[in-house]
file start18.csv (CSV, C-alpha atoms)
chain,number,residue,atom,x,y,z
V,1,LEU,CA,-19.0,16.6,22.0
V,2,LYS,CA,-17.2,13.3,22.7
V,3,GLU,CA,-18.6,11.7,19.5
V,4,VAL,CA,-17.5,14.7,17.4
V,5,ASN,CA,-14.1,14.6,19.1
V,6,ASP,CA,-13.7,10.9,18.3
V,7,ILE,CA,-14.6,11.5,14.7
V,8,ASN,CA,-12.1,14.3,14.5
V,9,LEU,CA,-9.4,12.1,16.0
V,10,MET,CA,-10.1,9.4,13.5
V,11,ALA,CA,-10.0,11.8,10.6
V,12,CYS,CA,-6.7,13.3,11.8
V,13,GLY,CA,-5.3,9.8,12.1
V,14,ARG,CA,-6.4,9.0,8.6
V,15,ILE,CA,-4.8,12.2,7.3
V,16,MET,CA,-1.6,11.4,9.0
V,17,ASP,CA,-1.6,7.9,7.4
V,18,ILE,CA,-2.2,9.3,4.0
V,19,ILE,CA,0.6,11.8,4.3
V,20,LYS,CA,3.0,9.2,5.5
V,21,SER,CA,1.9,6.9,2.7
V,22,LEU,CA,2.3,9.6,0.1
V,23,LYS,CA,5.9,10.2,1.3
V,24,THR,CA,6.7,6.5,1.2
V,25,PHE,CA,5.0,6.2,-2.2
V,26,SER,CA,6.7,9.1,-3.9
V,27,ARG,CA,10.1,8.8,-2.3
V,28,LEU,CA,11.1,12.0,-3.9
V,29,ASP,CA,14.2,12.1,-1.8
V,30,GLN,CA,15.2,8.6,-2.8
V,31,ALA,CA,15.2,8.7,-6.6
V,32,GLU,CA,18.2,6.5,-6.9
V,33,PHE,CA,18.8,2.7,-7.1
V,34,GLN,CA,18.7,1.4,-3.5
V,35,GLU,CA,17.5,-1.2,-1.1
V,36,THR,CA,13.8,-0.9,-0.2
V,37,ASP,CA,11.2,-2.8,1.8
V,38,ILE,CA,8.7,-4.2,-0.7
V,39,ASN,CA,6.1,-4.9,2.0
V,40,GLU,CA,6.2,-1.3,3.1
V,41,GLY,CA,5.7,-0.1,-0.4
V,42,ILE,CA,2.6,-2.3,-0.9
V,43,LYS,CA,1.1,-1.2,2.4
V,44,SER,CA,1.6,2.5,1.5
V,45,VAL,CA,-0.2,1.9,-1.9
V,46,LEU,CA,-3.1,0.2,-0.1
V,47,VAL,CA,-3.5,3.3,2.1
V,48,LEU,CA,-3.6,5.5,-0.9
V,49,THR,CA,-6.1,3.3,-2.8
V,50,HIS,CA,-8.4,2.8,0.2
V,51,ASN,CA,-11.2,5.0,-1.1
V,52,LEU,CA,-11.1,3.2,-4.4
V,53,LEU,CA,-11.5,-0.2,-2.7
V,54,LYS,CA,-13.6,0.5,0.3
V,55,ASN,CA,-17.2,-0.9,0.5
V,56,ARG,CA,-16.6,-3.0,-2.6
V,57,ILE,CA,-13.3,-4.9,-2.5
V,58,THR,CA,-11.7,-6.7,0.4
V,59,VAL,CA,-7.9,-7.0,0.4
V,60,GLN,CA,-6.4,-10.1,2.0
V,61,GLU,CA,-2.9,-9.4,3.0
V,62,GLU,CA,-0.2,-11.9,3.9
V,63,TYR,CA,3.3,-10.4,4.1
V,64,GLY,CA,6.2,-12.7,4.3
V,65,ASP,CA,9.7,-12.1,5.8
V,66,ILE,CA,11.5,-11.0,2.7
V,67,PRO,CA,14.8,-9.2,2.3
V,68,PRO,CA,15.1,-5.6,1.0
V,69,ALA,CA,15.1,-5.4,-2.8
V,70,LYS,CA,17.6,-3.3,-4.8
V,71,CYS,CA,15.4,-1.1,-7.1
V,72,PHE,CA,14.1,2.4,-7.7
V,73,PRO,CA,11.5,2.5,-4.8
V,74,GLY,CA,9.3,5.2,-6.4
V,75,GLN,CA,9.0,3.3,-9.7
V,76,LEU,CA,8.3,0.0,-7.9
V,77,ASN,CA,5.6,1.7,-5.9
V,78,GLN,CA,4.0,3.0,-9.1
V,79,VAL,CA,4.0,-0.6,-10.4
V,80,PHE,CA,2.2,-1.7,-7.2
V,81,MET,CA,-0.3,1.1,-7.6
V,82,ASN,CA,-1.0,0.2,-11.3
V,83,ILE,CA,-1.6,-3.5,-10.4
V,84,ILE,CA,-4.0,-2.7,-7.5
V,85,VAL,CA,-5.9,-0.1,-9.5
V,86,ASN,CA,-6.2,-2.5,-12.5
V,87,ALA,CA,-7.3,-5.4,-10.3
V,88,SER,CA,-10.0,-3.2,-8.7
V,89,GLN,CA,-11.2,-2.1,-12.1
V,90,ALA,CA,-11.4,-5.7,-13.3
V,91,ILE,CA,-13.7,-6.7,-10.4
V,92,GLU,CA,-17.3,-6.1,-11.2
V,93,GLY,CA,-19.4,-5.5,-8.1
V,94,GLU,CA,-17.9,-6.8,-4.9
V,95,GLY,CA,-14.7,-9.0,-4.7
V,96,GLU,CA,-11.4,-9.7,-3.2
V,97,ILE,CA,-7.7,-8.9,-3.9
V,98,PHE,CA,-5.1,-11.3,-2.5
V,99,ILE,CA,-1.6,-10.0,-1.7
V,100,HIS,CA,1.0,-12.5,-0.6
V,101,THR,CA,4.7,-11.8,-0.4
V,102,TYR,CA,7.4,-14.4,0.2
V,103,GLN,CA,10.9,-15.4,-0.8
V,104,LYS,CA,11.1,-18.5,-2.9
V,105,GLU,CA,13.9,-20.9,-2.0
V,106,ARG,CA,16.5,-21.3,-4.7
call {"tool": "encode", "arguments": {"input": "start18.csv", "output": "structure tokens"}}
result
Amino acid sequence: LKEVNDINLMACGRIMDIIKSLKTFSRLDQAEFQETDINEGIKSVLVLTHNLLKNRITVQEEYGDIPPAKCFPGQLNQVFMNIIVNASQAIEGEGEIFIHTYQKER
């Protein structure tokens, strides 16, 4: 029973992560131009694409301290989704995707 309970707790945690990421990804209540956390958007897309990547592609993540960006968050998240899906489709067999965010000094 303990093993089954642990599996159920893990599954429930995964479901909660997916729901949270879907809300962040879609941002239906935020369909206007506004400041958004780019790192948060990328992380939510990675949760949503986990099944596409698992057991085949390792994602190396390095998130920098970057300021919020003024944009349409839902559209930006869709761009991140397209890039990650395209990268995964371009990798034959096993591989890696590297994600690095940073602010370039001017």
call {"tool": "atom_distance", "arguments": {"input": "start18.csv", "atom1": "CA of Leu1 in chain V", "atom2": "CA of His50 in chain V"}}
result
27.9 Å
call {"tool": "residues_around", "arguments": {"input": "start18.csv", "residues": "range 95-104 of chain V", "least_positions_apart": "2", "cutoff": "6 Å", "atoms": "only C-alpha atoms", "output": "list in words"}}
result
Ile57, Thr58, Val59, Gln60, Glu61, Glu62, Tyr63, Gly64 and Ile66 of chain V
call {"tool": "closest_residue", "arguments": {"input": "start18.csv", "among": "V:Ile91, V:Val85, V:Val4, V:Met16", "to": "Asn51 in chain V", "atoms": "only C-alpha atoms"}}
result
V:Val85
call {"tool": "closest_residue", "arguments": {"input": "start18.csv", "among": "V:Lys70, V:Arg56, V:Lys20, V:Lys2", "to": "Glu32 in chain V", "atoms": "all atoms listed in the file"}}
result
V:Lys70
call {"tool": "closest_residue", "arguments": {"input": "start18.csv", "among": "V:Gly74, V:Asn39, V:Leu48, V:Ala69", "to": "Ile19 in chain V", "atoms": "only C-alpha atoms"}}
result
V:Leu48
call {"tool": "residues_around", "arguments": {"input": "start18.csv", "residues": "Gln78 in chain V", "least_positions_apart": "4", "cutoff": "10 Å", "atoms": "all atoms listed in the file", "output": "list of chain:residue names"}}
result
V:Phe25, V:Ser26, V:Gly41, V:Ile42, V:Val45, V:Pro73, V:Gly74, V:Asn82, V:Ile83, V:Ile84
call {"tool": "closest_residue", "arguments": {"input": "start18.csv", "among": "V:Leu52, V:Leu46, V:Cys12, V:Ile38", "to": "Leu76 in chain V", "atoms": "all atoms listed in the file"}}
result
V:Ile38
call {"tool": "atom_distance", "arguments": {"input": "start18.csv", "atom1": "CA of Glu92 in chain V", "atom2": "CA of Phe80 in chain V"}}
result
20.4 Å
call {"tool": "closest_residue", "arguments": {"input": "start18.csv", "among": "V:Asn77, V:Glu40, V:Leu53, V:Asp17", "to": "Asp65 in chain V", "atoms": "only C-alpha atoms"}}
result
V:Glu40
call {"tool": "atom_distance", "arguments": {"input": "start18.csv", "atom1": "CA of Glu35 in chain V", "atom2": "CA of Cys71 in chain V"}}
result
6.4 Å
call {"tool": "closest_residue", "arguments": {"input": "start18.csv", "among": "V:Ser88, V:Met81, V:Gly93, V:Gln75", "to": "Thr36 in chain V", "atoms": "only C-alpha atoms"}}
result
V:Gln75
call {"tool": "decode", "arguments": {"input": "start18.csv", "residues": "range 78-89 of chain V", "atoms": "all heavy atoms", "output": "short mmCIF file (atom, residue, chain, number, x, y, z; two decimals), in the first residue's frame"}}
result
data_model
loop_
_atom_site.label_atom_id
_atom_site.label_comp_id
_atom_site.auth_asym_id
_atom_site.auth_seq_id
_atom_site.Cartn_x
_atom_site.Cartn_y
_atom_site.Cartn_z
N GLN V 78 4.02 30.62 -26.69
CA GLN V 78 3.81 29.81 -27.90
C GLN V 78 5.10 29.74 -28.72
O GLN V 78 5.42 28.69 -29.27
CB GLN V 78 2.67 30.39 -28.73
CG GLN V 78 2.31 29.55 -29.93
CD GLN V 78 1.78 28.18 -29.56
OE1 GLN V 78 0.86 28.08 -28.76
NE2 GLN V 78 2.35 27.13 -30.10
N VAL V 79 5.84 30.83 -28.77
CA VAL V 79 7.13 30.84 -29.48
C VAL V 79 8.09 29.86 -28.80
O VAL V 79 8.75 29.05 -29.46
CB VAL V 79 7.74 32.26 -29.51
CG1 VAL V 79 9.18 32.23 -30.00
CG2 VAL V 79 6.89 33.18 -30.38
N PHE V 80 8.16 29.91 -27.46
CA PHE V 80 9.03 28.97 -26.73
C PHE V 80 8.62 27.53 -27.02
O PHE V 80 9.47 26.66 -27.23
CB PHE V 80 8.98 29.23 -25.23
CG PHE V 80 9.54 30.56 -24.81
CD1 PHE V 80 9.02 31.23 -23.70
CD2 PHE V 80 10.59 31.16 -25.48
CE1 PHE V 80 9.52 32.44 -23.30
CE2 PHE V 80 11.10 32.39 -25.09
CZ PHE V 80 10.57 33.03 -23.99
N MET V 81 7.32 27.27 -27.03
CA MET V 81 6.82 25.92 -27.31
C MET V 81 7.25 25.47 -28.70
O MET V 81 7.76 24.35 -28.88
CB MET V 81 5.30 25.89 -27.21
CG MET V 81 4.65 24.58 -27.60
SD MET V 81 4.80 23.29 -26.38
CE MET V 81 3.53 23.77 -25.25
N ASN V 82 7.09 26.33 -29.69
CA ASN V 82 7.48 25.99 -31.07
C ASN V 82 8.97 25.69 -31.18
O ASN V 82 9.37 24.74 -31.85
CB ASN V 82 7.09 27.10 -32.04
CG ASN V 82 5.59 27.24 -32.19
OD1 ASN V 82 4.82 26.36 -31.83
ND2 ASN V 82 5.16 28.37 -32.72
N ILE V 83 9.79 26.49 -30.51
CA ILE V 83 11.25 26.29 -30.58
C ILE V 83 11.63 24.96 -29.94
O ILE V 83 12.43 24.19 -30.51
CB ILE V 83 12.00 27.46 -29.90
CG1 ILE V 83 11.84 28.73 -30.73
CG2 ILE V 83 13.47 27.12 -29.69
CD1 ILE V 83 12.34 29.99 -30.05
N ILE V 84 11.06 24.65 -28.79
CA ILE V 84 11.41 23.41 -28.10
C ILE V 84 10.91 22.19 -28.88
O ILE V 84 11.63 21.20 -29.03
CB ILE V 84 10.89 23.43 -26.65
CG1 ILE V 84 11.70 24.47 -25.86
CG2 ILE V 84 10.98 22.05 -26.01
CD1 ILE V 84 11.15 24.80 -24.49
N VAL V 85 9.70 22.26 -29.39
CA VAL V 85 9.17 21.14 -30.19
C VAL V 85 10.00 20.96 -31.46
O VAL V 85 10.37 19.83 -31.81
CB VAL V 85 7.67 21.35 -30.51
CG1 VAL V 85 7.19 20.36 -31.56
CG2 VAL V 85 6.83 21.23 -29.24
N ASN V 86 10.33 22.04 -32.15
CA ASN V 86 11.16 21.94 -33.36
C ASN V 86 12.53 21.36 -33.04
O ASN V 86 13.05 20.53 -33.80
CB ASN V 86 11.32 23.31 -34.03
CG ASN V 86 10.05 23.77 -34.70
OD1 ASN V 86 9.11 23.01 -34.90
ND2 ASN V 86 10.01 25.05 -35.04
N ALA V 87 13.13 21.79 -31.93
CA ALA V 87 14.44 21.27 -31.55
C ALA V 87 14.35 19.77 -31.27
O ALA V 87 15.22 19.00 -31.70
CB ALA V 87 14.97 22.01 -30.32
N SER V 88 13.30 19.35 -30.58
CA SER V 88 13.16 17.92 -30.27
C SER V 88 12.95 17.10 -31.53
O SER V 88 13.45 15.98 -31.65
CB SER V 88 12.01 17.69 -29.28
OG SER V 88 10.77 17.88 -29.90
N GLN V 89 12.24 17.64 -32.50
CA GLN V 89 12.01 16.93 -33.76
C GLN V 89 13.26 16.87 -34.62
O GLN V 89 13.43 15.95 -35.42
CB GLN V 89 10.86 17.58 -34.53
CG GLN V 89 9.52 17.40 -33.86
CD GLN V 89 8.41 18.20 -34.52
OE1 GLN V 89 8.66 19.11 -35.30
NE2 GLN V 89 7.17 17.87 -34.18
#
